[in-house]
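Printed here is structure_20.txt (compact mmCIF, C-alpha atoms (C1' of nucleotides)):
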# COMPACT_ATOMS: atom_id res chain seq x y z
CA MET T 412 -10.54 22.08 -3.55
CA ASN T 413 -13.01 24.96 -3.46
CA ASN T 414 -16.56 24.99 -4.78
CA LYS T 415 -15.73 26.45 -8.15
CA GLU T 416 -12.97 23.97 -8.74
CA LEU T 417 -15.27 21.16 -7.66
CA SER T 418 -17.89 22.18 -10.20
CA HIS T 419 -15.26 22.33 -12.87
CA VAL T 420 -13.87 18.91 -12.04
CA LEU T 421 -17.31 17.34 -11.91
CA ALA T 422 -18.36 18.88 -15.20
CA ARG T 423 -15.09 17.83 -16.73
CA ALA T 424 -15.57 14.30 -15.39
CA GLU T 425 -19.07 14.09 -16.88
CA LEU T 426 -17.76 15.20 -20.23
CA LEU T 427 -14.78 12.87 -20.23
CA CYS T 428 -16.91 9.88 -19.34
CA GLN T 429 -19.43 10.71 -22.02
CA GLU T 430 -16.69 11.02 -24.60
CA ARG T 431 -15.28 7.68 -23.55
CA GLY T 432 -18.61 5.92 -23.47
CA VAL T 433 -18.36 5.00 -19.80
CA ARG T 434 -20.88 5.73 -17.10
CA LEU T 435 -20.30 8.17 -14.27
CA THR T 436 -23.00 6.75 -12.02
CA GLU T 437 -24.30 8.33 -8.82
CA GLN T 438 -22.08 6.22 -6.60
CA ARG T 439 -19.01 7.03 -8.64
CA LYS T 440 -19.85 10.71 -8.65
CA THR T 441 -20.38 10.60 -4.90
CA VAL T 442 -16.94 9.13 -4.32
CA LEU T 443 -15.34 11.66 -6.66
CA GLN T 444 -17.07 14.52 -4.86
CA LEU T 445 -16.12 13.26 -1.43
CA LEU T 446 -12.49 13.07 -2.48
CA CYS T 447 -12.58 16.48 -4.08
CA VAL T 448 -14.11 18.29 -1.14
CA SER T 449 -11.81 16.66 1.37
CA ASP T 450 -8.81 18.72 2.30
CA LYS T 451 -6.75 15.58 2.71
CA PRO T 452 -6.50 12.15 1.09
CA LEU T 453 -9.06 9.65 2.31
CA SER T 454 -8.68 5.95 2.92
CA ALA T 455 -11.22 3.60 1.40
CA TYR T 456 -12.86 3.13 4.78
CA GLU T 457 -13.01 6.84 5.49
CA LEU T 458 -14.79 7.17 2.17
CA LEU T 459 -17.06 4.34 3.18
CA ASP T 460 -18.03 6.20 6.35
CA ARG T 461 -18.71 9.40 4.47
CA MET T 462 -20.85 7.57 1.93
CA ARG T 463 -23.26 6.43 4.61
CA GLY T 464 -25.12 9.70 4.45
CA VAL T 465 -25.56 9.47 0.72
CA VAL T 466 -25.71 5.82 -0.27
CA LYS T 467 -27.76 3.24 1.59
CA ASN T 468 -25.74 0.64 3.41
CA PRO T 469 -22.50 0.80 1.46
CA ALA T 470 -20.04 -2.07 1.82
CA PRO T 471 -16.31 -2.17 1.06
CA PRO T 472 -16.78 -3.39 -2.51
CA THR T 473 -19.04 -0.39 -3.11
CA VAL T 474 -16.23 2.04 -2.52
CA TYR T 475 -13.49 -0.07 -4.06
CA ARG T 476 -15.47 -0.50 -7.25
CA ALA T 477 -16.05 3.21 -7.54
CA LEU T 478 -12.38 3.86 -6.84
CA ASP T 479 -11.29 1.36 -9.47
CA PHE T 480 -13.43 3.09 -12.02
CA LEU T 481 -12.23 6.57 -11.11
CA LEU T 482 -8.62 5.46 -11.09
CA GLU T 483 -8.99 3.93 -14.53
CA GLN T 484 -10.48 7.14 -15.82
CA GLY T 485 -7.68 9.17 -14.28
CA LEU T 486 -10.10 11.14 -12.14
CA VAL T 487 -8.52 10.18 -8.84
CA HIS T 488 -5.10 9.02 -7.74
CA LYS T 489 -4.02 6.44 -5.24
CA LEU T 490 -1.30 7.38 -2.81
CA GLU T 491 0.41 4.06 -2.28
CA SER T 492 2.47 5.18 0.66
CA LEU T 493 -0.63 6.34 2.56
CA HIS T 494 -3.15 3.72 1.42
CA ALA T 495 -5.31 6.65 0.53
CA TYR T 496 -6.98 8.32 -2.41
CA ILE T 497 -7.15 11.87 -3.66
CA GLY T 498 -9.08 13.70 -6.35
CA CYS T 499 -7.02 14.55 -9.38
CA ALA T 500 -6.07 18.19 -9.45
CA HIS T 501 -6.04 18.45 -13.24
CA PRO T 502 -8.05 15.75 -14.96
CA ASP T 503 -8.08 17.73 -18.16
CA HIS T 504 -5.20 15.87 -19.69
CA PRO T 505 -3.57 12.50 -19.22
CA HIS T 506 -0.54 12.87 -17.04
CA ALA T 507 2.04 11.33 -14.81
CA SER T 508 2.02 13.27 -11.59
CA GLN T 509 4.26 13.39 -8.61
CA PHE T 510 3.03 13.88 -5.08
CA LEU T 511 4.67 15.81 -2.29
CA ILE T 512 3.24 14.56 0.97
CA CYS T 513 3.72 16.40 4.23
CA ASP T 514 4.25 14.03 7.17
CA ASN T 515 3.30 16.75 9.56
CA CYS T 516 0.05 18.28 8.33
CA GLY T 517 -1.01 15.66 5.79
CA GLU T 518 -1.18 18.18 2.96
CA VAL T 519 -0.53 16.69 -0.45
CA ALA T 520 0.67 18.70 -3.44
CA GLU T 521 0.19 17.17 -6.85
CA VAL T 522 2.82 18.42 -9.25
CA GLU T 523 3.55 17.64 -12.84
CA ASP T 524 7.22 18.12 -13.32
CA ALA T 525 8.33 17.47 -16.87
CA SER T 526 11.93 17.06 -15.85
CA VAL T 527 11.09 14.34 -13.33
CA ALA T 528 8.91 12.54 -15.84
CA LYS T 529 11.59 12.77 -18.48
CA SER T 530 14.47 11.53 -16.33
CA LEU T 531 12.34 8.67 -15.02
CA LYS T 532 11.42 7.64 -18.52
CA ALA T 533 15.06 7.78 -19.54
CA ALA T 534 16.15 5.70 -16.55
CA GLY T 535 13.68 3.02 -17.56
CA GLU T 536 14.59 3.05 -21.21
CA ALA T 537 18.25 2.65 -20.33
CA ILE T 538 17.47 -0.94 -19.36
CA GLY T 539 14.68 -1.54 -21.87
CA PHE T 540 11.94 -1.09 -19.32
CA HIS T 541 8.50 -0.11 -20.59
CA THR T 542 6.64 2.15 -18.16
CA ARG T 543 2.94 1.64 -17.47
CA ARG T 544 2.44 3.59 -14.27
CA PRO T 545 5.04 5.64 -12.42
CA VAL T 546 4.51 5.98 -8.68
CA VAL T 547 6.29 9.03 -7.36
CA GLU T 548 5.51 10.10 -3.81
CA VAL T 549 7.88 12.27 -1.88
CA LEU T 550 7.45 12.12 1.87
CA GLY T 551 8.72 15.06 3.85
CA THR T 552 7.73 18.43 5.27
CA CYS T 553 5.89 21.18 3.44
CA ALA T 554 7.04 24.77 3.45
CA GLN T 555 4.40 25.87 5.97
CA CYS T 556 5.26 23.18 8.50
CA THR T 557 8.98 23.77 8.08
CA ALA T 558 8.42 27.46 8.81
CA LYS T 559 6.33 26.72 11.89
CA ARG T 560 8.94 24.37 13.30
CA ASN T 561 11.66 26.94 12.96
CA ASN T 562 9.72 29.49 14.99
CA MET P 773 21.24 -12.23 -5.30
CA ASN P 774 23.88 -14.95 -5.59
CA ASN P 775 25.87 -16.50 -2.77
CA LYS P 776 28.85 -14.25 -3.10
CA GLU P 777 26.72 -11.12 -3.11
CA LEU P 778 24.83 -12.44 -0.10
CA SER P 779 28.03 -12.91 1.86
CA HIS P 780 29.11 -9.43 0.94
CA VAL P 781 25.82 -7.87 1.96
CA LEU P 782 25.72 -9.74 5.25
CA ALA P 783 29.31 -8.84 6.08
CA ARG P 784 28.60 -5.26 5.16
CA ALA P 785 25.49 -5.26 7.30
CA GLU P 786 27.41 -6.60 10.30
CA LEU P 787 30.01 -3.91 9.87
CA LEU P 788 27.51 -1.08 9.43
CA CYS P 789 25.55 -2.11 12.49
CA GLN P 790 28.69 -2.37 14.58
CA GLU P 791 29.78 1.08 13.48
CA ARG P 792 26.39 2.47 14.35
CA GLY P 793 26.18 0.72 17.70
CA VAL P 794 23.03 -1.17 16.82
CA ARG P 795 22.48 -4.90 17.04
CA LEU P 796 22.04 -7.13 14.04
CA THR P 797 20.42 -9.95 15.98
CA GLU P 798 19.74 -13.45 14.70
CA GLN P 799 16.14 -12.66 13.81
CA ARG P 800 17.11 -9.53 11.96
CA LYS P 801 19.87 -11.33 10.13
CA THR P 802 17.44 -14.11 9.23
CA VAL P 803 15.00 -11.65 7.69
CA LEU P 804 17.77 -9.90 5.80
CA GLN P 805 19.04 -13.22 4.44
CA LEU P 806 15.59 -14.38 3.42
CA LEU P 807 15.04 -11.18 1.50
CA CYS P 808 18.45 -11.36 -0.12
CA VAL P 809 18.19 -14.94 -1.30
CA SER P 810 14.67 -14.46 -2.66
CA ASP P 811 14.52 -13.74 -6.36
CA LYS P 812 11.51 -11.56 -5.82
CA PRO P 813 10.21 -9.16 -3.17
CA LEU P 814 8.50 -10.83 -0.23
CA SER P 815 5.48 -9.71 1.72
CA ALA P 816 5.68 -9.63 5.50
CA TYR P 817 3.60 -12.78 5.70
CA GLU P 818 5.67 -14.61 3.12
CA LEU P 819 8.66 -13.76 5.28
CA LEU P 820 6.78 -15.01 8.28
CA ASP P 821 6.19 -18.35 6.59
CA ARG P 822 9.83 -18.67 5.63
CA MET P 823 10.94 -17.86 9.14
CA ARG P 824 9.11 -20.85 10.57
CA GLY P 825 12.00 -23.13 9.74
CA VAL P 826 14.49 -20.90 11.50
CA VAL P 827 12.71 -19.11 14.32
CA LYS P 828 10.35 -20.85 16.73
CA ASN P 829 6.77 -19.76 16.43
CA PRO P 830 7.18 -16.36 14.83
CA ALA P 831 4.25 -13.94 14.93
CA PRO P 832 3.56 -10.87 12.78
CA PRO P 833 5.29 -8.46 15.15
CA THR P 834 8.40 -10.61 14.93
CA VAL P 835 8.79 -9.95 11.25
CA TYR P 836 7.55 -6.36 11.31
CA ARG P 837 10.01 -5.48 14.05
CA ALA P 838 12.89 -6.95 12.12
CA LEU P 839 11.73 -5.13 8.99
CA ASP P 840 11.47 -1.83 10.84
CA PHE P 841 15.01 -2.20 12.03
CA LEU P 842 16.37 -3.17 8.63
CA LEU P 843 14.50 -0.34 6.92
CA GLU P 844 15.89 2.16 9.42
CA GLN P 845 19.38 0.91 8.76
CA GLY P 846 18.87 1.10 5.01
CA LEU P 847 19.50 -2.61 4.58
CA VAL P 848 16.15 -3.36 2.98
CA HIS P 849 13.57 -1.37 1.06
CA LYS P 850 9.82 -1.39 1.16
CA LEU P 851 8.00 -1.45 -2.15
CA GLU P 852 4.86 0.47 -1.31
CA SER P 853 3.01 -0.44 -4.45
CA LEU P 854 3.49 -4.17 -3.81
CA HIS P 855 3.25 -4.24 -0.01
CA ALA P 856 6.51 -6.12 -0.17
CA TYR P 857 10.11 -5.87 0.91
CA ILE P 858 13.40 -6.40 -0.86
CA GLY P 859 17.04 -6.56 0.18
CA CYS P 860 19.00 -3.48 -0.69
CA ALA P 861 21.21 -4.01 -3.70
CA HIS P 862 23.88 -1.60 -2.54
CA PRO P 863 23.83 -0.95 1.18
CA ASP P 864 27.33 0.47 1.03
CA HIS P 865 26.19 4.04 0.87
CA PRO P 866 23.09 5.98 1.83
CA HIS P 867 20.95 6.49 -1.19
CA ALA P 868 17.63 7.31 -2.74
CA SER P 869 16.81 4.52 -5.12
CA GLN P 870 14.19 4.04 -7.76
CA PHE P 871 12.56 0.74 -8.49
CA LEU P 872 11.50 -0.63 -11.85
CA ILE P 873 8.92 -3.31 -11.21
CA CYS P 874 7.83 -5.74 -13.90
CA ASP P 875 4.10 -6.49 -13.73
CA ASN P 876 4.63 -9.63 -15.72
CA CYS P 877 7.48 -11.53 -14.11
CA GLY P 878 7.74 -9.69 -10.82
CA GLU P 879 11.39 -8.83 -11.34
CA VAL P 880 12.48 -5.64 -9.59
CA ALA P 881 15.45 -3.56 -10.65
CA GLU P 882 16.85 -1.12 -8.13
CA VAL P 883 18.49 1.79 -9.86
CA GLU P 884 20.14 4.91 -8.58
CA ASP P 885 19.65 7.54 -11.18
CA ALA P 886 21.26 10.82 -10.24
CA SER P 887 19.18 12.73 -12.75
CA VAL P 888 15.91 11.44 -11.29
CA ALA P 889 17.06 12.23 -7.77
CA LYS P 890 18.13 15.69 -8.79
CA SER P 891 14.97 16.65 -10.64
CA LEU P 892 12.82 15.32 -7.82
CA LYS P 893 14.75 17.33 -5.30
CA ALA P 894 14.40 20.43 -7.46
CA ALA P 895 10.66 19.89 -7.89
CA GLY P 896 10.28 19.79 -4.11
CA GLU P 897 12.47 22.79 -3.47
CA ALA P 898 10.47 24.82 -5.95
CA ILE P 899 7.65 24.87 -3.42
CA GLY P 900 9.77 24.81 -0.29
CA PHE P 901 9.22 21.15 0.37
CA HIS P 902 11.77 19.34 2.46
CA THR P 903 12.26 15.72 1.38
CA ARG P 904 12.60 12.93 3.92
CA ARG P 905 11.94 9.85 1.86
CA PRO P 906 11.27 9.71 -1.88
CA VAL P 907 9.16 6.77 -3.05
CA VAL P 908 9.80 6.09 -6.70
CA GLU P 909 8.40 2.88 -8.13
CA VAL P 910 7.83 2.48 -11.82
CA LEU P 911 5.37 -0.23 -12.76
CA GLY P 912 5.63 -1.66 -16.24
CA THR P 913 7.26 -4.39 -18.28
CA CYS P 914 10.90 -5.38 -18.19
CA ALA P 915 12.99 -5.82 -21.33
CA GLN P 916 12.85 -9.62 -21.16
CA CYS P 917 9.07 -9.79 -20.88
CA THR P 918 8.60 -7.20 -23.61
CA ALA P 919 10.78 -9.31 -25.90
CA LYS P 920 8.86 -12.49 -25.08
CA ARG P 921 5.54 -10.87 -25.80
CA ASN P 922 6.65 -9.67 -29.18
CA ASN P 923 7.63 -13.18 -30.23
C1' DC U 55 -41.53 -3.69 -28.23
C1' DG U 56 -39.31 -8.10 -26.17
C1' DG U 57 -35.30 -10.62 -25.57
C1' DT U 58 -30.51 -10.66 -24.59
C1' DT U 59 -26.32 -9.14 -23.27
C1' DT U 60 -23.39 -6.21 -20.68
C1' DC U 61 -22.41 -3.52 -17.02
C1' DG U 62 -23.34 -2.02 -12.39
C1' DT U 63 -24.85 -3.00 -7.64
C1' DG U 64 -26.12 -5.64 -3.06
C1' DA U 65 -24.61 -8.47 0.37
C1' DA U 66 -21.89 -11.71 3.18
C1' DA U 67 -17.78 -13.64 4.00
C1' DT U 68 -12.97 -13.75 4.15
C1' DA U 69 -8.14 -12.64 2.90
C1' DA U 70 -4.05 -9.86 3.44
C1' DT U 71 -1.48 -6.33 5.70
C1' DA U 72 -0.19 -4.00 9.95
C1' DT U 73 -0.31 -2.46 14.82
C1' DA U 74 -1.39 -2.27 19.98
C1' DA U 75 -0.54 -3.64 24.42
C1' DC U 76 1.72 -5.85 27.93
C1' DA U 77 4.67 -9.34 29.83
C1' DT U 78 9.23 -11.34 29.83
C1' DC U 79 13.82 -11.93 28.71
C1' DT U 80 18.76 -10.56 27.55
C1' DG U 81 22.67 -7.99 27.13
C1' DT U 82 25.37 -3.97 28.81
C1' DC U 83 27.06 -0.84 32.00
C1' DC U 84 28.28 0.54 36.38
C1' DG B 829 24.72 -8.24 41.04
C1' DG B 830 21.35 -4.42 40.20
C1' DA B 831 19.47 -1.26 37.10
C1' DC B 832 18.51 0.07 32.69
C1' DA B 833 17.62 -0.16 27.77
C1' DG B 834 16.74 -2.78 24.06
C1' DA B 835 14.88 -6.99 22.10
C1' DT B 836 11.52 -10.64 22.02
C1' DG B 837 7.09 -13.48 23.15
C1' DT B 838 2.24 -13.57 22.97
C1' DT B 839 -2.47 -12.47 22.30
C1' DA B 840 -5.57 -9.71 20.38
C1' DT B 841 -7.22 -6.46 17.19
C1' DA B 842 -7.15 -2.78 13.62
C1' DT B 843 -6.94 -1.60 8.82
C1' DT B 844 -6.95 -2.41 3.95
C1' DA B 845 -8.60 -5.19 0.14
C1' DT B 846 -10.75 -9.09 -2.44
C1' DT B 847 -13.80 -13.08 -3.52
C1' DT B 848 -18.13 -14.84 -4.62
C1' DC B 849 -22.67 -15.18 -5.97
C1' DA B 850 -27.14 -13.14 -6.58
C1' DC B 851 -29.86 -9.42 -8.43
C1' DG B 852 -31.00 -5.19 -11.16
C1' DA B 853 -30.72 -1.59 -14.67
C1' DA B 854 -29.26 0.22 -18.97
C1' DA B 855 -27.84 -0.32 -23.70
C1' DC B 856 -28.14 -3.05 -27.80
C1' DC B 857 -30.45 -5.46 -31.41
C1' DG B 858 -33.63 -7.64 -33.75

Step by step, read the file and then write its structure as structure tokens.
Amino acid sequence: MNNKELSHVLARAELLCQERGVRLTEQRKTVLQLLCVSDKPLSAYELLDRMRGVVKNPAPPTVYRALDFLLEQGLVHKLESLHAYIGCAHPDHPHASQFLICDNCGEVAEVEDASVAKSLKAAGEAIGFHTRRPVVEVLGTCAQCTAKRNN
Amino acid sequence: MNNKELSHVLARAELLCQERGVRLTEQRKTVLQLLCVSDKPLSAYELLDRMRGVVKNPAPPTVYRALDFLLEQGLVHKLESLHAYIGCAHPDHPHASQFLICDNCGEVAEVEDASVAKSLKAAGEAIGFHTRRPVVEVLGTCAQCTAKRNN
DNA sequence: CGGTTTCGTGAAATAATATAACATCTGTCC
DNA sequence: GGACAGATGTTATATTATTTCACGAAACCG
């Protein structure tokens, strides 16, 4: 995420939290920023390391608490298959995203494919299942890495 | 999984492994059986506990090695969002399954929805992404639990 | 304003999940 | 039987996540 996007996301996060009557504290903002400026998903302990410069003596609960908050607010996502976290690419609206994760370079693309969401919903409804949170993470190789390998 | 299904799956597993020239050893078969007879997904350490009766002094690598093998052979699945493992409901053919996981009762339904698979594939291809393993786990409430709650 | 309640944080310990490294054994092939 | 590859035994350790209890800050309410 570049600087402009970061500013937008942070401003948007401030606004959303205000609207919702929840508090985007310094620690929470720090974690959100760290995730947004990272070019790859970060594990909780990587975040912990990077917080050392900013927060005094952070412990695991420090980062997990911030992550819990940000996840609840839809400002970050957890990538279950990587045990890692990533800033949400479009926090502007509630959404069910899918993630395309490159095994090779670690790049993660967050996409919002209506057709995927729809067919998933339908598959659940077919057996009376009520969806709370869909986890859709596709592991594979991104276009760039595929191209490189074929050279 | 009932007894008849278990027999079928085990027989099928034996056959598949023979065809592929890989060895379904006692330990591996034990892990597969434990997963199949369980009515819910098991974590690696739950498996470890249940192996104590069968295998002498099992250690974590014992169970993780067996799981790695079984995952490779498509005989079990890993549920990333639960850190747990489950016997494959239909090992007869290679497949990309989706899992509907009930938060309330822990029941997991493995479904193979062609429409989901297709739209996911398309979403990847749209950006040149080459899929290796799709992880699709829908967290929510099963029909039974929804009904109970509304009573 | 002062009291209270709620939410957020600090800190230490520990639980749960997963892997590394290296030695030993077992089955298969020639 | 000797050599090789694959499977297992064993100990230690890495990584991810939660519990618990004490303390502090902000919002709420009179």

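With only C-alpha atoms (C1' of nucleotides) as the basis for measurement, U:DA65 is the residue among U:DA65, U:DC79, U:DC84, U:DA74 that approaches DC851 (chain B) most closely.
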
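Between CA of Leu459 (chain T) and CA of Phe480 (chain T) the separation is 15.7 Å.
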
Report the closest atom pair, with its distance in Å rounded to one decimal, for each residue of chain U that has an atom no farther than 12 Å from chain P; count all atoms listed in the file, sort by chain and then rising residue number, and write it as a tab-separated table.
residue	atom	partner	partner_atom	distance
U:DA70	C1'	P:Tyr817	CA	8.5
U:DT71	C1'	P:His855	CA	7.7
U:DA72	C1'	P:Tyr836	CA	8.2
U:DT73	C1'	P:Pro833	CA	8.2
U:DA74	C1'	P:Pro833	CA	10.3
U:DA75	C1'	P:Pro833	CA	12.0
U:DT80	C1'	P:Thr797	CA	11.7
U:DG81	C1'	P:Arg795	CA	10.6

Practice prompt. Pull out every residue of chain B that has at least one atom within 12 Å of chain P, counting all atoms listed in the file, and report them as an MDAnalysis selection string.
Written response: chainID B and resid 834:840 844:845

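If you look at CA of Ser526 (chain T) and CA of Val547 (chain T), they are 13.0 Å away from each other.
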
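Relative to CA of Leu453 (chain T), C1' of DA842 (chain B) is found at 16.9 Å.
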
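Residue-level contacts from chain T to chain P at 8 Å, counting only C-alpha atoms, read T:Glu491, T:Ser492, T:Leu511, T:Asp524, T:Ser526, T:Val527, T:Ser530, T:Leu531, T:Ala534, T:Gly535, T:Ile538, T:Gly539, T:Phe540, T:His541, T:Thr542, T:Arg543, T:Arg544, T:Pro545, T:Val546, T:Val547, T:Glu548, T:Val549, T:Leu550, T:Gly551, T:Thr552, T:Cys553, T:Ala554, T:Thr557.
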
Keeping only C-alpha atoms, take the residues you just selected and write them out as a short mmCIF file (atom, residue, chain, number, x, y, z; two decimals), in the coordinates of the input.
data_model
loop_
_atom_site.label_atom_id
_atom_site.label_comp_id
_atom_site.auth_asym_id
_atom_site.auth_seq_id
_atom_site.Cartn_x
_atom_site.Cartn_y
_atom_site.Cartn_z
CA GLU T 491 0.41 4.06 -2.28
CA SER T 492 2.47 5.18 0.66
CA LEU T 511 4.67 15.81 -2.29
CA ASP T 524 7.22 18.12 -13.32
CA SER T 526 11.93 17.06 -15.85
CA VAL T 527 11.09 14.34 -13.33
CA SER T 530 14.47 11.53 -16.33
CA LEU T 531 12.34 8.67 -15.02
CA ALA T 534 16.15 5.70 -16.55
CA GLY T 535 13.68 3.02 -17.56
CA ILE T 538 17.47 -0.94 -19.36
CA GLY T 539 14.68 -1.54 -21.87
CA PHE T 540 11.94 -1.09 -19.32
CA HIS T 541 8.50 -0.11 -20.59
CA THR T 542 6.64 2.15 -18.16
CA ARG T 543 2.94 1.64 -17.47
CA ARG T 544 2.44 3.59 -14.27
CA PRO T 545 5.04 5.64 -12.42
CA VAL T 546 4.51 5.98 -8.68
CA VAL T 547 6.29 9.03 -7.36
CA GLU T 548 5.51 10.10 -3.81
CA VAL T 549 7.88 12.27 -1.88
CA LEU T 550 7.45 12.12 1.87
CA GLY T 551 8.72 15.06 3.85
CA THR T 552 7.73 18.43 5.27
CA CYS T 553 5.89 21.18 3.44
CA ALA T 554 7.04 24.77 3.45
CA THR T 557 8.98 23.77 8.08
#

Kindly list the centre and edge lengths in Å, rounded to one decimal, for the axis-aligned box that covers all listed atoms of region 835-845 of chain P plus 8 Å on each of its six sides, as JSON.
{"center_x": 13.5, "center_y": -3.9, "center_z": 10.5, "size_x": 27.8, "size_y": 28.1, "size_z": 23.1}

Residues near Val465 (chain T), cut-off 8 Å, all atoms listed in the file, skip fewer than 3 positions along chain, as an mmCIF file with C-alpha atoms, in the frame of the given file:
data_model
loop_
_atom_site.group_PDB
_atom_site.id
_atom_site.type_symbol
_atom_site.label_atom_id
_atom_site.label_comp_id
_atom_site.auth_asym_id
_atom_site.auth_seq_id
_atom_site.Cartn_x
_atom_site.Cartn_y
_atom_site.Cartn_z
ATOM 1 C CA THR T 441 -20.380 10.600 -4.900
ATOM 2 C CA ARG T 461 -18.710 9.400 4.470
ATOM 3 C CA MET T 462 -20.850 7.570 1.930
#

Since fewer atoms than expected are present, regenerate N, CA and C atoms for region 424-446 of chain T and write them as a PDB file, keeping the file's coordinate frame.
ATOM      1  N   ALA T 424     -15.464  15.751 -15.535  1.00  0.00           N
ATOM      2  CA  ALA T 424     -15.570  14.300 -15.390  1.00  0.00           C
ATOM      3  C   ALA T 424     -16.750  13.764 -16.204  1.00  0.00           C
ATOM      4  N   GLU T 425     -17.875  14.468 -16.108  1.00  0.00           N
ATOM      5  CA  GLU T 425     -19.070  14.090 -16.880  1.00  0.00           C
ATOM      6  C   GLU T 425     -18.730  14.018 -18.363  1.00  0.00           C
ATOM      7  N   LEU T 426     -18.089  15.072 -18.810  1.00  0.00           N
ATOM      8  CA  LEU T 426     -17.760  15.200 -20.230  1.00  0.00           C
ATOM      9  C   LEU T 426     -16.818  14.075 -20.672  1.00  0.00           C
ATOM     10  N   LEU T 427     -15.765  13.888 -19.894  1.00  0.00           N
ATOM     11  CA  LEU T 427     -14.780  12.870 -20.230  1.00  0.00           C
ATOM     12  C   LEU T 427     -15.423  11.494 -20.331  1.00  0.00           C
ATOM     13  N   CYS T 428     -16.290  11.193 -19.367  1.00  0.00           N
ATOM     14  CA  CYS T 428     -16.910   9.880 -19.340  1.00  0.00           C
ATOM     15  C   CYS T 428     -17.833   9.700 -20.540  1.00  0.00           C
ATOM     16  N   GLN T 429     -18.545  10.761 -20.859  1.00  0.00           N
ATOM     17  CA  GLN T 429     -19.430  10.710 -22.020  1.00  0.00           C
ATOM     18  C   GLN T 429     -18.624  10.438 -23.284  1.00  0.00           C
ATOM     19  N   GLU T 430     -17.556  11.199 -23.443  1.00  0.00           N
ATOM     20  CA  GLU T 430     -16.690  11.020 -24.600  1.00  0.00           C
ATOM     21  C   GLU T 430     -16.174   9.587 -24.706  1.00  0.00           C
ATOM     22  N   ARG T 431     -15.901   9.014 -23.561  1.00  0.00           N
ATOM     23  CA  ARG T 431     -15.280   7.680 -23.550  1.00  0.00           C
ATOM     24  C   ARG T 431     -16.316   6.561 -23.564  1.00  0.00           C
ATOM     25  N   GLY T 432     -17.565   6.934 -23.466  1.00  0.00           N
ATOM     26  CA  GLY T 432     -18.610   5.920 -23.470  1.00  0.00           C
ATOM     27  C   GLY T 432     -18.648   5.080 -22.206  1.00  0.00           C
ATOM     28  N   VAL T 433     -18.273   5.698 -21.086  1.00  0.00           N
ATOM     29  CA  VAL T 433     -18.360   5.000 -19.800  1.00  0.00           C
ATOM     30  C   VAL T 433     -19.308   5.776 -18.906  1.00  0.00           C
ATOM     31  N   ARG T 434     -19.804   5.125 -17.874  1.00  0.00           N
ATOM     32  CA  ARG T 434     -20.880   5.730 -17.100  1.00  0.00           C
ATOM     33  C   ARG T 434     -20.439   6.269 -15.741  1.00  0.00           C
ATOM     34  N   LEU T 435     -20.592   7.561 -15.565  1.00  0.00           N
ATOM     35  CA  LEU T 435     -20.300   8.170 -14.270  1.00  0.00           C
ATOM     36  C   LEU T 435     -21.580   8.102 -13.432  1.00  0.00           C
ATOM     37  N   THR T 436     -21.762   6.979 -12.781  1.00  0.00           N
ATOM     38  CA  THR T 436     -23.000   6.750 -12.020  1.00  0.00           C
ATOM     39  C   THR T 436     -23.012   7.582 -10.733  1.00  0.00           C
ATOM     40  N   GLU T 437     -24.154   7.537 -10.043  1.00  0.00           N
ATOM     41  CA  GLU T 437     -24.300   8.330  -8.820  1.00  0.00           C
ATOM     42  C   GLU T 437     -23.249   7.965  -7.785  1.00  0.00           C
ATOM     43  N   GLN T 438     -23.056   6.677  -7.596  1.00  0.00           N
ATOM     44  CA  GLN T 438     -22.080   6.220  -6.600  1.00  0.00           C
ATOM     45  C   GLN T 438     -20.687   6.717  -6.951  1.00  0.00           C
ATOM     46  N   ARG T 439     -20.344   6.608  -8.206  1.00  0.00           N
ATOM     47  CA  ARG T 439     -19.010   7.030  -8.640  1.00  0.00           C
ATOM     48  C   ARG T 439     -18.841   8.525  -8.469  1.00  0.00           C
ATOM     49  N   LYS T 440     -19.918   9.266  -8.797  1.00  0.00           N
ATOM     50  CA  LYS T 440     -19.850  10.710  -8.650  1.00  0.00           C
ATOM     51  C   LYS T 440     -19.725  11.082  -7.177  1.00  0.00           C
ATOM     52  N   THR T 441     -20.445  10.352  -6.349  1.00  0.00           N
ATOM     53  CA  THR T 441     -20.380  10.600  -4.900  1.00  0.00           C
ATOM     54  C   THR T 441     -18.955  10.446  -4.396  1.00  0.00           C
ATOM     55  N   VAL T 442     -18.303   9.367  -4.786  1.00  0.00           N
ATOM     56  CA  VAL T 442     -16.940   9.130  -4.320  1.00  0.00           C
ATOM     57  C   VAL T 442     -16.005  10.229  -4.836  1.00  0.00           C
ATOM     58  N   LEU T 443     -16.178  10.589  -6.090  1.00  0.00           N
ATOM     59  CA  LEU T 443     -15.340  11.660  -6.660  1.00  0.00           C
ATOM     60  C   LEU T 443     -15.534  12.959  -5.889  1.00  0.00           C
ATOM     61  N   GLN T 444     -16.784  13.294  -5.613  1.00  0.00           N
ATOM     62  CA  GLN T 444     -17.070  14.520  -4.860  1.00  0.00           C
ATOM     63  C   GLN T 444     -16.460  14.490  -3.480  1.00  0.00           C
ATOM     64  N   LEU T 445     -16.650  13.376  -2.796  1.00  0.00           N
ATOM     65  CA  LEU T 445     -16.120  13.260  -1.430  1.00  0.00           C
ATOM     66  C   LEU T 445     -14.607  13.478  -1.437  1.00  0.00           C
ATOM     67  N   LEU T 446     -13.940  12.904  -2.412  1.00  0.00           N
ATOM     68  CA  LEU T 446     -12.490  13.070  -2.480  1.00  0.00           C
ATOM     69  C   LEU T 446     -12.120  14.511  -2.798  1.00  0.00           C
TER      70      LEU T 446
END
